[in-house]
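Text of the file coords-v5.tsv, holding TSV, C-alpha atoms:
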```tsv
chain	number	residue	atom	x	y	z
G	5	MET	CA	0.00	0.00	0.00
G	6	LEU	CA	1.16	3.45	-0.83
G	7	PHE	CA	-0.08	6.07	1.56
G	8	GLY	CA	-3.16	4.03	2.31
G	9	ARG	CA	-3.88	3.23	-1.40
G	10	SER	CA	-3.39	-0.03	-3.25
G	11	VAL	CA	-0.79	-0.31	-6.03
G	12	SER	CA	-3.51	-0.71	-8.68
G	13	THR	CA	-5.24	2.53	-7.69
G	14	VAL	CA	-1.94	4.39	-8.05
G	15	LEU	CA	-0.55	2.70	-11.19
G	16	LEU	CA	-3.79	2.52	-13.18
G	17	PRO	CA	-4.29	6.29	-13.35
G	18	ALA	CA	-0.57	6.77	-14.02
G	19	TRP	CA	-0.63	4.35	-16.98
G	20	SER	CA	-3.82	5.93	-18.26
G	21	GLY	CA	-2.15	9.32	-18.19
G	22	ILE	CA	0.90	8.01	-20.06
G	23	LEU	CA	-1.29	6.36	-22.71
G	24	LEU	CA	-3.28	9.59	-23.17
G	25	MET	CA	-0.05	11.57	-23.64
G	26	VAL	CA	1.25	9.08	-26.24
G	27	TRP	CA	-2.10	8.97	-28.03
G	28	GLY	CA	-2.27	12.77	-28.05
G	29	SER	CA	1.21	13.13	-29.49
G	30	ILE	CA	0.32	10.67	-32.26
G	31	ALA	CA	-2.85	12.60	-33.05
G	32	LEU	CA	-0.88	15.87	-33.22
G	33	ALA	CA	1.82	14.41	-35.50
G	34	ALA	CA	2.34	16.11	-38.86
G	35	PRO	CA	-0.09	14.98	-41.56
G	36	ALA	CA	1.19	12.78	-44.38
G	37	LYS	CA	2.76	14.62	-47.31
G	38	THR	CA	0.78	15.00	-50.51
G	39	PRO	CA	2.23	13.47	-53.71
G	40	GLU	CA	3.11	17.00	-54.86
G	41	GLU	CA	5.10	17.62	-51.66
G	42	VAL	CA	6.84	14.25	-51.98
G	43	CYS	CA	7.82	14.96	-55.59
G	44	ALA	CA	9.03	18.47	-54.80
G	45	SER	CA	11.32	17.03	-52.11
G	46	LEU	CA	13.06	14.51	-54.39
G	47	PRO	CA	16.84	14.88	-54.68
G	48	PRO	CA	17.98	16.04	-58.16
G	49	ALA	CA	19.01	12.57	-59.37
G	50	ARG	CA	15.57	11.13	-58.50
G	51	ALA	CA	13.75	14.15	-59.98
G	52	GLN	CA	15.70	13.46	-63.20
G	53	VAL	CA	14.38	9.87	-63.22
G	54	VAL	CA	10.82	11.22	-63.05
G	55	ALA	CA	11.53	13.73	-65.87
G	56	ASP	CA	13.17	11.05	-68.04
G	57	TRP	CA	10.22	8.70	-67.46
G	58	ALA	CA	7.91	11.25	-69.11
G	59	ARG	CA	9.88	10.97	-72.40
G	60	PRO	CA	8.58	8.85	-75.29
G	61	ALA	CA	9.78	5.24	-75.39
G	62	GLN	CA	11.58	3.41	-78.20
G	63	GLU	CA	10.17	0.03	-79.20
G	64	ILE	CA	12.32	-3.05	-78.81
G	65	LYS	CA	11.55	-6.74	-79.18
G	66	PRO	CA	12.72	-9.00	-76.34
G	67	LEU	CA	14.33	-12.36	-76.98
G	68	SER	CA	12.85	-15.72	-76.03
G	69	ARG	CA	16.28	-17.29	-75.31
G	70	PRO	CA	19.72	-16.08	-74.30
G	71	GLU	CA	20.93	-16.07	-77.91
G	72	GLY	CA	21.45	-13.10	-80.20
G	73	ASP	CA	21.17	-9.50	-79.20
G	74	ALA	CA	18.39	-7.19	-78.04
G	75	PRO	CA	20.51	-4.32	-76.76
G	76	VAL	CA	19.27	-1.67	-74.36
G	77	LEU	CA	21.27	1.38	-73.30
G	78	ALA	CA	21.54	3.33	-70.07
G	79	GLY	CA	19.76	6.66	-70.33
G	80	SER	CA	17.04	5.24	-72.59
G	81	LYS	CA	13.38	4.31	-72.20
G	82	TYR	CA	11.81	1.36	-74.03
G	83	MET	CA	8.41	-0.11	-74.78
G	84	LEU	CA	8.40	-3.85	-75.24
G	85	THR	CA	5.94	-6.67	-75.51
G	86	LEU	CA	6.94	-9.61	-73.36
G	87	LEU	CA	6.31	-13.15	-74.52
G	88	PRO	CA	4.16	-15.86	-72.94
G	89	TYR	CA	6.26	-17.33	-70.15
G	90	GLU	CA	6.07	-20.87	-71.57
G	91	ASP	CA	7.82	-19.66	-74.76
G	92	VAL	CA	10.83	-18.16	-72.94
G	93	LYS	CA	13.99	-19.98	-71.86
G	94	LEU	CA	15.33	-17.94	-68.95
G	95	VAL	CA	19.05	-17.68	-68.23
G	96	MET	CA	18.53	-18.22	-64.54
G	97	PRO	CA	15.86	-20.50	-63.13
G	98	GLU	CA	13.14	-18.60	-61.33
G	99	LYS	CA	11.21	-19.23	-58.19
G	100	PRO	CA	7.63	-20.36	-58.91
G	101	ILE	CA	6.18	-17.03	-57.77
G	102	HIS	CA	7.99	-15.24	-60.62
G	103	LEU	CA	6.67	-17.55	-63.32
G	104	LEU	CA	3.53	-15.59	-64.03
G	105	LYS	CA	2.21	-14.88	-67.50
G	106	TYR	CA	4.94	-12.98	-69.42
G	107	ALA	CA	8.73	-12.93	-69.66
G	108	GLY	CA	11.58	-11.91	-71.96
G	109	LEU	CA	15.30	-11.23	-72.25
G	110	LEU	CA	17.28	-8.17	-73.29
G	111	SER	CA	21.03	-7.63	-73.45
G	112	PHE	CA	22.77	-4.82	-71.62
G	113	THR	CA	26.42	-3.78	-71.82
G	114	VAL	CA	28.08	-1.79	-69.06
G	115	ASP	CA	31.11	0.34	-69.94
G	116	LYS	CA	31.44	2.15	-66.61
G	117	SER	CA	31.12	0.73	-63.09
G	118	GLY	CA	28.33	2.27	-61.09
G	119	LEU	CA	24.80	2.18	-59.76
G	120	TYR	CA	22.20	1.72	-62.51
G	121	ARG	CA	18.49	2.24	-61.82
G	122	PHE	CA	16.03	-0.01	-63.71
G	123	SER	CA	12.43	1.29	-63.68
G	124	THR	CA	9.38	-0.50	-65.07
G	125	ALA	CA	5.65	-0.21	-65.50
G	126	PRO	CA	3.87	-2.47	-64.78
G	127	TYR	CA	5.66	-4.44	-62.07
G	128	VAL	CA	8.16	-6.95	-63.53
G	129	TRP	CA	10.64	-9.18	-61.73
G	130	LEU	CA	14.16	-8.24	-62.91
G	131	GLU	CA	17.36	-10.26	-62.79
G	132	LEU	CA	20.72	-9.22	-64.24
G	133	VAL	CA	22.87	-12.20	-65.17
G	134	PRO	CA	26.45	-11.89	-66.48
G	135	ALA	CA	26.51	-13.09	-70.10
G	136	ASP	CA	29.97	-14.62	-69.57
G	137	GLY	CA	28.41	-17.39	-67.49
G	138	SER	CA	30.38	-16.48	-64.37
G	139	GLY	CA	27.21	-16.69	-62.29
G	140	LYS	CA	28.29	-13.70	-60.20
G	141	GLU	CA	25.04	-11.82	-59.65
G	142	PRO	CA	25.20	-8.03	-59.41
G	143	GLY	CA	24.33	-6.58	-56.04
G	144	VAL	CA	20.98	-4.92	-55.52
G	145	ARG	CA	21.56	-1.59	-53.81
G	146	GLY	CA	18.07	-0.30	-53.20
G	147	SER	CA	14.93	1.24	-54.52
G	148	GLU	CA	13.16	4.59	-54.26
G	149	ILE	CA	9.54	4.27	-53.18
G	150	ARG	CA	8.94	8.01	-53.68
G	151	LEU	CA	9.24	7.52	-57.47
G	152	LEU	CA	5.97	5.56	-57.38
G	153	ALA	CA	4.12	8.65	-56.12
G	154	CYS	CA	5.68	10.94	-58.75
G	155	SER	CA	5.23	8.92	-61.95
G	156	SER	CA	3.63	5.83	-63.45
G	157	ILE	CA	6.71	3.78	-62.45
G	158	LYS	CA	5.61	0.62	-60.65
G	159	LYS	CA	9.02	-0.84	-59.83
G	160	ASN	CA	12.51	0.56	-59.62
G	161	VAL	CA	15.63	-1.16	-58.43
G	162	VAL	CA	19.28	-0.13	-58.35
G	163	PHE	CA	21.99	-2.62	-59.30
G	164	GLU	CA	25.71	-2.14	-58.69
G	165	LEU	CA	27.29	-3.16	-61.99
G	166	GLU	CA	30.83	-3.75	-63.20
G	167	PRO	CA	31.85	-3.45	-66.88
G	168	GLY	CA	30.67	-6.35	-69.01
G	169	ARG	CA	27.70	-7.76	-70.88
G	170	TYR	CA	24.57	-8.84	-69.00
G	171	TRP	CA	21.27	-10.52	-69.73
G	172	LEU	CA	18.35	-8.54	-68.37
G	173	GLN	CA	15.86	-11.24	-67.52
G	174	MET	CA	12.27	-10.09	-67.00
G	175	SER	CA	9.52	-12.32	-65.66
G	176	GLY	CA	6.49	-12.33	-63.41
G	177	SER	CA	4.57	-9.73	-65.39
G	178	LEU	CA	0.80	-10.00	-65.50
G	179	GLU	CA	0.81	-7.75	-68.57
G	180	ALA	CA	2.61	-8.24	-71.89
G	181	ASP	CA	3.27	-4.55	-72.63
G	182	VAL	CA	6.03	-3.13	-70.43
G	183	GLN	CA	7.87	0.15	-70.24
G	184	LEU	CA	11.50	-0.08	-69.14
G	185	MET	CA	13.96	2.70	-68.41
G	186	ILE	CA	17.59	2.33	-67.42
G	187	SER	CA	19.08	5.39	-65.75
G	188	ALA	CA	22.72	6.23	-66.27
G	189	PRO	CA	25.11	5.49	-63.40
G	190	GLU	CA	24.51	7.50	-60.25
```
Taking this structure as input, can you express it in the form of structure tokens?
Amino acid sequence: MLFGRSVSTVLLPAWSGILLMVWGSIALAAPAKTPEEVCASLPPARAQVVADWARPAQEIKPLSRPEGDAPVLAGSKYMLTLLPYEDVKLVMPEKPIHLLKYAGLLSFTVDKSGLYRFSTAPYVWLELVPADGSGKEPGVRGSEIRLLACSSIKKNVVFELEPGRYWLQMSGSLEADVQLMISAPE
């Protein structure tokens, strides 16, 4: 007993007061930013991705097997029609969840080491596989969720790439028509 009162009669009001203070501070927190505010706060490199995404796309036809060439370049935006998944021989076996509907392959050559951002609409699973067969997968270095609020981009991922030729393997798309943009090294 504390000064003639039970512990519960002292602690219960104290905890209630603490909970009210926490609840009140949550209610007074700043409101979520609007898409316009989010876009205005993008760093220059990300704002450039949004501006580049608004450019017209070049058409390119993806390959159904890792043979031949379907080259894409950094700093360019493409429109492609993926192929039914059953008709595509992927370079790297996929997990069953990525075997949905449409897939395709493109080739990509890197001249300069750096971080390359790959953006797509709609969502597509992306894998970069060295064409030399070394099996050394490039490291994924992040994504920028704010780009989704500022454009029609549905997926963006940054890969750390070394000079060489790669297969860009796309799969898991529920739609055949895909926009793809590769941003120059950051």
Q: With a distance cut-off of 9 Å and all atoms listed in the file, select the neighbouring residues of Leu104 of chain G, excluding the residue or stretch itself and same-chain residues fewer than 4 positions from it, and output the selection as a PyMOL selection string.
A: chain G and resi 88-89+100+175-178
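For the pair atom CA of Pro66 of chain G and atom CA of Lys93 of chain G, the separation is 11.9 Å.
Atom CA of Cys154 of chain G sits 12.5 Å away from atom CA of Pro47 of chain G.
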Selection: 9 Å around Leu84 of chain G, all atoms listed in the file, excl. self and same-chain fewer than 5 positions, as an mmCIF file with C-alpha atoms, in the frame of the given file:
```cif
data_model
loop_
_atom_site.group_PDB
_atom_site.id
_atom_site.type_symbol
_atom_site.label_atom_id
_atom_site.label_comp_id
_atom_site.auth_asym_id
_atom_site.auth_seq_id
_atom_site.Cartn_x
_atom_site.Cartn_y
_atom_site.Cartn_z
ATOM 1 C CA GLN G 62 11.580 3.410 -78.200
ATOM 2 C CA GLU G 63 10.170 0.030 -79.200
ATOM 3 C CA ILE G 64 12.320 -3.050 -78.810
ATOM 4 C CA LYS G 65 11.550 -6.740 -79.180
ATOM 5 C CA PRO G 66 12.720 -9.000 -76.340
ATOM 6 C CA ALA G 180 2.610 -8.240 -71.890
ATOM 7 C CA ASP G 181 3.270 -4.550 -72.630
ATOM 8 C CA VAL G 182 6.030 -3.130 -70.430
ATOM 9 C CA GLN G 183 7.870 0.150 -70.240
ATOM 10 C CA LEU G 184 11.500 -0.080 -69.140
#
```
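Among the candidate residues G:Ala107, G:Val54, G:Leu87, G:Ala135, the one lying nearest to Asn160 of chain G is G:Val54, with distances computed using only C-alpha atoms.
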Q: Using only C-alpha atoms, determine which residues lie at most 8 Å from segment 140-147 of chain G, disregarding the query and same-chain residues fewer than 2 positions distant; provide the list as a ChimeraX atom specification.
A: /G:119,132-134,138,149,160-165
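The protein and nucleic acid residues lying at most 8 Å from Tyr127 of chain G are Thr124, Lys158, Lys159 and Ser177 of chain G, with only C-alpha atoms considered and sequence neighbours fewer than 3 positions away removed.
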